[in-house]
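As stored in run.txt (compact mmCIF, C-alpha atoms):
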# COMPACT_ATOMS: atom_id res chain seq x y z
CA MET U 1 0.00 0.00 0.00
CA ILE U 2 1.35 3.40 -0.95
CA THR U 3 0.39 7.05 -0.44
CA PRO U 4 2.02 9.06 -3.25
CA LEU U 5 3.14 12.64 -2.65
CA ASN U 6 2.04 13.58 -6.16
CA ASN U 7 0.79 11.99 -9.39
CA SER U 8 4.17 10.98 -10.78
CA SER U 9 6.46 10.25 -7.81
CA ALA U 10 5.19 6.70 -7.32
CA LEU U 11 5.31 5.59 -10.96
CA PRO U 12 8.57 3.64 -10.46
CA CYS U 13 7.03 1.92 -7.44
CA ALA U 14 4.01 0.80 -9.46
CA LYS U 15 6.25 -0.51 -12.24
CA ALA U 16 8.43 -2.38 -9.77
CA ALA U 17 5.41 -3.92 -8.03
CA HIS U 18 3.99 -5.00 -11.38
CA ALA U 19 7.30 -6.57 -12.44
CA ALA U 20 7.52 -8.45 -9.13
CA LYS U 21 3.83 -9.45 -9.29
CA ILE U 22 3.19 -7.79 -5.93
CA PRO U 23 -0.32 -6.33 -5.48
CA LEU U 24 -0.36 -2.55 -5.06
CA ILE U 25 -3.09 -0.53 -3.33
CA VAL U 26 -2.94 3.25 -3.83
CA ASP U 27 -4.14 5.57 -1.09
CA GLY U 28 -4.76 9.32 -1.39
CA THR U 29 -3.24 10.59 -4.64
CA ALA U 30 -3.73 8.96 -8.03
CA ILE U 31 -0.71 7.57 -9.88
CA GLY U 32 -0.78 8.81 -13.47
CA LYS U 33 -1.48 11.87 -15.59
CA ASP U 34 -5.07 12.39 -14.42
CA GLY U 35 -5.13 13.31 -10.76
CA ASN U 36 -8.93 13.07 -10.69
CA SER U 37 -9.15 9.52 -12.03
CA ILE U 38 -10.11 6.82 -9.55
CA ASP U 39 -9.37 4.08 -12.10
CA PRO U 40 -5.81 2.64 -12.23
CA GLN U 41 -3.83 4.42 -14.97
CA VAL U 42 -0.67 2.33 -14.91
CA ASP U 43 0.06 -1.38 -14.81
CA GLY U 44 0.59 -2.69 -11.33
CA VAL U 45 -2.15 -0.78 -9.51
CA ASP U 46 -4.87 -3.14 -8.24
CA PHE U 47 -7.07 -0.64 -6.40
CA SER U 48 -7.09 3.11 -5.73
CA MET U 49 -8.79 5.02 -2.89
CA ILE U 50 -8.37 8.59 -4.09
CA TRP U 51 -9.11 11.86 -2.33
CA VAL U 52 -10.23 13.32 -5.65
CA PRO U 53 -9.03 16.92 -6.04
CA SER U 54 -11.94 17.98 -8.25
CA THR U 55 -14.44 16.74 -5.65
CA PHE U 56 -12.67 18.66 -2.89
CA ALA U 57 -12.48 21.77 -5.08
CA LYS U 58 -16.21 21.68 -5.83
CA ASP U 59 -17.07 21.12 -2.16
CA THR U 60 -14.85 24.04 -1.16
CA TRP U 61 -16.43 26.31 -3.76
CA ALA U 62 -19.95 25.33 -2.70
CA ILE U 63 -19.18 26.28 0.91
CA ILE U 64 -17.68 29.61 -0.12
CA GLN U 65 -20.71 30.38 -2.29
CA SER U 66 -23.03 29.62 0.61
CA ALA U 67 -21.02 31.73 3.05
CA CYS U 68 -20.82 34.65 0.63
CA ALA U 69 -24.47 34.61 -0.46
CA GLY U 70 -26.07 38.04 -0.24
CA LYS U 71 -22.82 39.94 0.26
CA PRO U 72 -22.10 42.71 -2.27
CA GLU U 73 -18.43 41.78 -2.03
CA CYS U 74 -16.92 38.74 -0.31
CA GLN U 75 -13.19 38.40 0.25
CA VAL U 76 -11.64 34.97 0.73
CA ALA U 77 -8.27 33.85 2.10
CA MET U 78 -7.29 30.25 1.39
CA GLU U 79 -4.81 28.11 3.28
CA ARG U 80 -3.06 25.34 1.38
CA SER U 81 -0.71 22.67 2.67
CA PHE U 82 2.13 23.45 0.26
CA LEU U 83 2.50 24.44 -3.36
CA GLY U 84 2.43 21.25 -5.38
CA ASP U 85 -0.15 19.43 -3.25
CA PRO U 86 -2.73 18.37 -5.88
CA LEU U 87 -5.64 18.64 -3.45
CA PHE U 88 -5.20 22.26 -2.45
CA ASP U 89 -3.76 23.42 -5.76
CA ALA U 90 -6.99 22.22 -7.35
CA ALA U 91 -9.16 23.94 -4.76
CA VAL U 92 -7.39 27.29 -5.04
CA ASP U 93 -7.37 27.20 -8.85
CA PHE U 94 -11.03 26.16 -9.07
CA VAL U 95 -12.25 28.82 -6.65
CA LYS U 96 -10.31 31.51 -8.50
CA GLN U 97 -11.78 30.36 -11.82
CA GLN U 98 -15.35 30.10 -10.57
CA SER U 99 -15.25 33.40 -8.69
CA ALA U 100 -14.21 35.44 -11.74
CA GLY U 101 -16.85 38.07 -12.41
CA THR U 102 -18.76 37.34 -9.18
CA ASN U 103 -18.99 39.04 -5.78
CA ILE U 104 -16.32 36.63 -4.50
CA LYS U 105 -12.61 37.38 -4.65
CA VAL U 106 -9.63 35.37 -3.41
CA VAL U 107 -7.38 38.04 -1.91
CA ALA U 108 -4.69 35.83 -0.34
CA THR U 109 -3.32 32.29 -0.11
CA TYR U 110 -0.63 30.89 2.16
CA GLU U 111 1.04 27.58 3.05
CA SER U 112 0.66 25.98 6.48
CA HIS U 113 2.15 22.49 5.88
CA TYR U 114 -0.82 21.24 7.97
CA ASP U 115 0.83 22.88 10.99
CA PRO U 116 -1.37 24.94 13.36
CA ALA U 117 1.72 26.87 14.47
CA GLU U 118 2.36 28.04 10.91
CA THR U 119 -1.29 29.01 10.58
CA THR U 120 -1.05 31.11 13.72
CA SER U 121 2.05 32.97 12.54
CA LYS U 122 1.00 33.49 8.91
CA LEU U 123 -2.73 34.10 9.16
CA GLN U 124 -2.32 37.13 11.41
CA ASP U 125 -0.19 38.85 8.76
CA ILE U 126 -2.73 37.91 6.09
CA LEU U 127 -5.66 39.36 8.03
CA VAL U 128 -3.82 42.53 9.02
CA ALA U 129 -2.92 43.12 5.37
CA ASN U 130 -6.48 42.27 4.27
CA PRO U 131 -8.83 43.78 6.89
CA ASP U 132 -11.99 43.04 4.90
CA VAL U 133 -11.62 39.26 4.61
CA ASP U 134 -15.00 37.54 5.10
CA ILE U 135 -14.03 33.85 5.01
CA VAL U 136 -10.90 31.74 5.48
CA THR U 137 -10.64 28.13 4.29
CA PHE U 138 -8.15 25.85 6.06
CA THR U 139 -6.36 22.62 5.20
CA ASN U 140 -7.73 20.73 8.21
CA ASP U 141 -9.71 21.19 11.41
CA PRO U 142 -6.66 21.66 13.71
CA THR U 143 -5.34 24.57 11.60
CA ALA U 144 -8.88 25.95 11.35
CA LEU U 145 -9.23 25.98 15.13
CA ALA U 146 -5.83 27.65 15.45
CA GLY U 147 -7.06 30.16 12.89
CA THR U 148 -10.15 30.98 14.93
CA GLU U 149 -7.88 31.93 17.82
CA VAL U 150 -6.08 34.38 15.55
CA ILE U 151 -9.41 35.75 14.34
CA SER U 152 -10.58 36.25 17.93
CA LYS U 153 -7.29 37.88 18.93
CA LEU U 154 -7.75 40.43 16.16
CA GLY U 155 -11.26 41.19 17.40
CA ARG U 156 -12.93 39.76 14.31
CA ALA U 157 -14.78 36.80 15.79
CA GLY U 158 -18.26 36.68 14.28
CA LYS U 159 -17.09 38.71 11.29
CA ILE U 160 -14.85 36.12 9.60
CA MET U 161 -16.17 32.65 8.80
CA ALA U 162 -13.70 29.78 9.21
CA VAL U 163 -13.98 26.58 7.17
CA GLY U 164 -12.15 23.47 8.30
CA SER U 165 -11.65 20.12 6.62
CA GLY U 166 -11.65 16.59 7.93
CA GLY U 167 -14.91 16.20 9.81
CA THR U 168 -13.01 15.54 13.04
CA LYS U 169 -14.63 15.29 16.46
CA THR U 170 -13.26 18.70 17.45
CA GLY U 171 -14.21 20.15 14.07
CA ILE U 172 -17.80 18.93 14.36
CA ALA U 173 -18.05 20.28 17.90
CA ALA U 174 -16.76 23.67 16.74
CA THR U 175 -19.23 23.66 13.85
CA LEU U 176 -22.14 22.99 16.18
CA THR U 177 -21.15 25.93 18.40
CA GLY U 178 -20.61 28.22 15.43
CA LYS U 179 -16.86 28.55 15.93
CA LEU U 180 -16.44 27.01 12.48
CA TYR U 181 -18.81 27.83 9.64
CA ALA U 182 -18.31 24.33 8.21
CA THR U 183 -15.91 21.43 7.85
CA ILE U 184 -15.59 18.98 4.95
CA ALA U 185 -16.56 15.35 5.56
CA ASN U 186 -13.77 12.81 5.77
CA LEU U 187 -13.95 9.13 6.78
CA PRO U 188 -10.34 7.90 7.05
CA LEU U 189 -11.17 4.75 9.03
CA THR U 190 -13.77 3.63 6.48
CA ALA U 191 -11.36 4.37 3.63
CA SER U 192 -8.58 2.39 5.32
CA LYS U 193 -10.83 -0.60 5.99
CA ILE U 194 -11.84 -0.73 2.33
CA GLU U 195 -8.18 -0.51 1.26
CA GLY U 196 -7.34 -3.40 3.57
CA GLN U 197 -10.19 -5.51 2.19
CA MET U 198 -9.04 -4.83 -1.38
CA ALA U 199 -5.45 -5.68 -0.46
CA VAL U 200 -6.57 -9.10 0.82
CA LYS U 201 -8.58 -9.69 -2.35
CA ALA U 202 -5.62 -8.72 -4.53
CA LYS U 203 -3.28 -11.02 -2.58
CA ASN U 204 -5.74 -13.90 -2.93
CA GLY U 205 -6.21 -13.30 -6.64
CA GLU U 206 -9.89 -12.42 -6.20
CA LYS U 207 -11.75 -10.04 -8.49
CA ILE U 208 -11.71 -6.42 -7.32
CA ASP U 209 -14.79 -4.37 -8.17
CA PRO U 210 -14.78 -1.43 -8.25
CA VAL U 211 -11.09 -0.86 -8.95
CA GLY U 212 -11.23 2.68 -7.60
CA MET U 213 -13.23 4.88 -5.24
CA ASP U 214 -13.48 8.59 -4.37
CA ALA U 215 -12.77 8.82 -0.64
CA PHE U 216 -14.79 12.05 -0.45
CA ALA U 217 -17.89 10.13 -1.59
CA LEU U 218 -17.90 7.63 1.28
CA GLY U 219 -20.70 7.66 3.82
CA GLY U 220 -24.17 9.15 3.94
CA VAL U 221 -23.04 12.73 4.60
CA THR U 222 -20.52 14.09 2.12
CA GLY U 223 -19.14 17.53 1.32
CA ALA U 224 -19.95 20.35 3.70
CA ILE U 225 -20.84 19.60 7.29
CA THR U 226 -22.68 22.52 8.87
CA LYS U 227 -24.94 23.02 11.86
CA ASP U 228 -27.81 21.71 9.73
CA ASN U 229 -26.40 18.23 9.09
CA ALA U 230 -23.66 17.77 11.71
CA GLY U 231 -25.96 15.60 13.82
CA LYS U 232 -26.16 13.08 10.96
CA PHE U 233 -22.40 12.69 10.65
CA THR U 234 -20.31 10.40 12.86
CA PRO U 235 -16.65 11.51 12.98
CA GLU U 236 -13.97 8.80 12.82
CA TRP U 237 -11.05 10.75 14.23
Hey, can you dump this file as structure tokens for me?
Amino acid sequence: MITPLNNSSALPCAKAAHAAKIPLIVDGTAIGKDGNSIDPQVDGVDFSMIWVPSTFAKDTWAIIQSACAGKPECQVAMERSFLGDPLFDAAVDFVKQQSAGTNIKVVATYESHYDPAETTSKLQDILVANPDVDIVTFTNDPTALAGTEVISKLGRAGKIMAVGSGGTKTGIAATLTGKLYATIANLPLTASKIEGQMAVKAKNGEKIDPVGMDAFALGGVTGAITKDNAGKFTPEW
């Protein structure tokens, strides 16, 4: 089982596994030219559980649209993990494309490397430089909660909406209290169980169907988790 850093870095691994006739299960990022494809694109991949960038991008855009509805102008700051991460590159690019000509404008982006400490140090500078920001999207719930502390420190609690990602227990709790505007559903335990089941099938030479799944599509509640549907979602981490 392998979790590629990007679409191409694990290509030699897939080729080596295929040559050695070792089953390969891909977790997270697709191996191949199309980062949004859940189907294996190279020989050697038996099953892929992909956090599909286009799904995440559309979910992020839908939340921003909802948060910005009715505002004459809505300024957005977006946190990404690091430049080159397919998931957040896709989200930032998609939101910028979709917001063109609308009341929504992305005024700043920054890298946190999934680290709440980096969020704390960088977000303050972003918000001071952009005093009219209405919404900030974060890479995960821990950085989002760190971000809300920065927002409160600057006296802008209740004025800036924070959007997490991961559907964690703390993220859901913060969404229910209104500390977070929303978080994006994520079921890592379910995804891992399915990967394990497919690995056993591959090792035993059994038929695998389907050969790929979108991890963001797992479960009954997908996409945005808000106050309205948080009670229907059971966090796994």
What lies within 12 Å of segment 82-92 of chain U using all atoms listed in the file, ignoring chain neighbours under 4 positions off, as number ranges by chain?
-> U: 4-9, 28-31, 33-36, 50-64, 76-78, 96-99, 105-115, 118, 136-140, 165, 216
Atomic distance atom CA of Gln124 of chain U - atom CA of Lys153 of chain U, expressed in Å with one decimal |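 Computing the Euclidean distance for atom CA of Gln124 of chain U and atom CA of Lys153 of chain U yields 9.0 Å.
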Using all atoms of segment 9-23 of chain U listed in the file and a margin of 5 Å per side, can you give the axis-aligned box centre and edge lengths in Å to one decimal, as AutoDock Vina command-line options?
--center_x 4.1 --center_y 0.4 --center_z -9.0 --size_x 18.9 --size_y 29.7 --size_z 17.0
Shell of 9 Å around Ile25 of chain U, only C-alpha atoms, local chain residues under 3 positions omitted, as a PyMOL selection string | chain U and resi 1-3+45-49+195-196+198-199+202
Between atom CA of Ala69 of chain U and atom CA of Asn103 of chain U, what is the distance, to one decimal in Å?
->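 These atoms are spaced 8.8 Å apart.
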Closest to Cys13 of chain U among U:Gly32, U:Gly44, U:Pro210, U:Gly166, using all atoms listed in the file?
-> U:Gly44
Which distance in Å separates atom CA of Gly167 of chain U and atom CA of Asn186 of chain U, to one decimal?
->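 Taking atom CA of Gly167 of chain U as the start and atom CA of Asn186 of chain U as the end point, the length is 5.4 Å.
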From the list U:Ile194, U:Ile225, U:Val200, U:Val128, which residue is nearest Lys169 of chain U when using all atoms listed in the file?
-> U:Ile225
Mind completing segment 76-107 of chain U with N, CA and C atoms? Output as a tab-separated table (two decimals), in the frame of the given file, please?
chain	number	residue	atom	x	y	z
U	76	VAL	N	-12.00	36.31	0.25
U	76	VAL	CA	-11.64	34.97	0.73
U	76	VAL	C	-10.12	34.83	0.85
U	77	ALA	N	-9.68	34.26	1.95
U	77	ALA	CA	-8.27	33.85	2.10
U	77	ALA	C	-8.27	32.33	2.16
U	78	MET	N	-7.32	31.71	1.47
U	78	MET	CA	-7.29	30.25	1.39
U	78	MET	C	-5.94	29.71	1.86
U	79	GLU	N	-6.00	28.82	2.83
U	79	GLU	CA	-4.81	28.11	3.28
U	79	GLU	C	-4.61	26.87	2.43
U	80	ARG	N	-3.39	26.60	2.05
U	80	ARG	CA	-3.06	25.34	1.38
U	80	ARG	C	-1.94	24.67	2.15
U	81	SER	N	-1.77	23.38	1.95
U	81	SER	CA	-0.71	22.67	2.67
U	81	SER	C	0.65	23.16	2.19
U	82	PHE	N	0.91	22.97	0.89
U	82	PHE	CA	2.13	23.45	0.26
U	82	PHE	C	1.90	23.50	-1.23
U	83	LEU	N	2.59	24.38	-1.91
U	83	LEU	CA	2.50	24.44	-3.36
U	83	LEU	C	2.93	23.11	-3.94
U	84	GLY	N	2.12	22.55	-4.81
U	84	GLY	CA	2.43	21.25	-5.38
U	84	GLY	C	1.55	20.15	-4.83
U	85	ASP	N	0.81	20.41	-3.77
U	85	ASP	CA	-0.15	19.43	-3.25
U	85	ASP	C	-1.37	19.47	-4.17
U	86	PRO	N	-1.64	18.37	-4.90
U	86	PRO	CA	-2.73	18.37	-5.88
U	86	PRO	C	-4.09	18.77	-5.31
U	87	LEU	N	-4.34	18.39	-4.06
U	87	LEU	CA	-5.64	18.64	-3.45
U	87	LEU	C	-5.91	20.13	-3.31
U	88	PHE	N	-4.97	20.84	-2.72
U	88	PHE	CA	-5.20	22.26	-2.45
U	88	PHE	C	-4.87	23.15	-3.65
U	89	ASP	N	-3.97	22.69	-4.51
U	89	ASP	CA	-3.76	23.42	-5.76
U	89	ASP	C	-5.06	23.45	-6.56
U	90	ALA	N	-5.74	22.30	-6.60
U	90	ALA	CA	-6.99	22.22	-7.35
U	90	ALA	C	-8.06	23.12	-6.75
U	91	ALA	N	-8.14	23.13	-5.42
U	91	ALA	CA	-9.16	23.94	-4.76
U	91	ALA	C	-8.93	25.43	-5.01
U	92	VAL	N	-7.70	25.88	-4.84
U	92	VAL	CA	-7.39	27.29	-5.04
U	92	VAL	C	-7.66	27.69	-6.50
U	93	ASP	N	-7.18	26.89	-7.44
U	93	ASP	CA	-7.37	27.20	-8.85
U	93	ASP	C	-8.85	27.22	-9.22
U	94	PHE	N	-9.61	26.25	-8.73
U	94	PHE	CA	-11.03	26.16	-9.07
U	94	PHE	C	-11.81	27.34	-8.51
U	95	VAL	N	-11.54	27.69	-7.26
U	95	VAL	CA	-12.25	28.82	-6.65
U	95	VAL	C	-11.93	30.12	-7.38
U	96	LYS	N	-10.67	30.30	-7.75
U	96	LYS	CA	-10.31	31.51	-8.50
U	96	LYS	C	-11.03	31.55	-9.85
U	97	GLN	N	-11.11	30.42	-10.52
U	97	GLN	CA	-11.78	30.36	-11.82
U	97	GLN	C	-13.27	30.63	-11.69
U	98	GLN	N	-13.90	29.98	-10.72
U	98	GLN	CA	-15.35	30.10	-10.57
U	98	GLN	C	-15.76	31.47	-10.05
U	99	SER	N	-14.89	32.11	-9.30
U	99	SER	CA	-15.25	33.40	-8.69
U	99	SER	C	-15.07	34.58	-9.65
U	100	ALA	N	-14.43	34.36	-10.79
U	100	ALA	CA	-14.21	35.44	-11.74
U	100	ALA	C	-15.54	36.07	-12.16
U	101	GLY	N	-15.65	37.37	-12.00
U	101	GLY	CA	-16.85	38.07	-12.41
U	101	GLY	C	-17.99	38.00	-11.39
U	102	THR	N	-17.72	37.45	-10.21
U	102	THR	CA	-18.76	37.34	-9.18
U	102	THR	C	-18.44	38.31	-8.03
U	103	ASN	N	-19.23	38.22	-6.97
U	103	ASN	CA	-18.99	39.04	-5.78
U	103	ASN	C	-17.87	38.48	-4.91
U	104	ILE	N	-17.34	37.33	-5.30
U	104	ILE	CA	-16.32	36.63	-4.50
U	104	ILE	C	-14.93	36.87	-5.08
U	105	LYS	N	-13.98	37.15	-4.20
U	105	LYS	CA	-12.61	37.38	-4.65
U	105	LYS	C	-11.62	36.74	-3.68
U	106	VAL	N	-10.71	35.94	-4.22
U	106	VAL	CA	-9.63	35.37	-3.41
U	106	VAL	C	-8.54	36.43	-3.31
U	107	VAL	N	-8.33	36.94	-2.10
U	107	VAL	CA	-7.38	38.04	-1.91
U	107	VAL	C	-6.02	37.56	-1.39
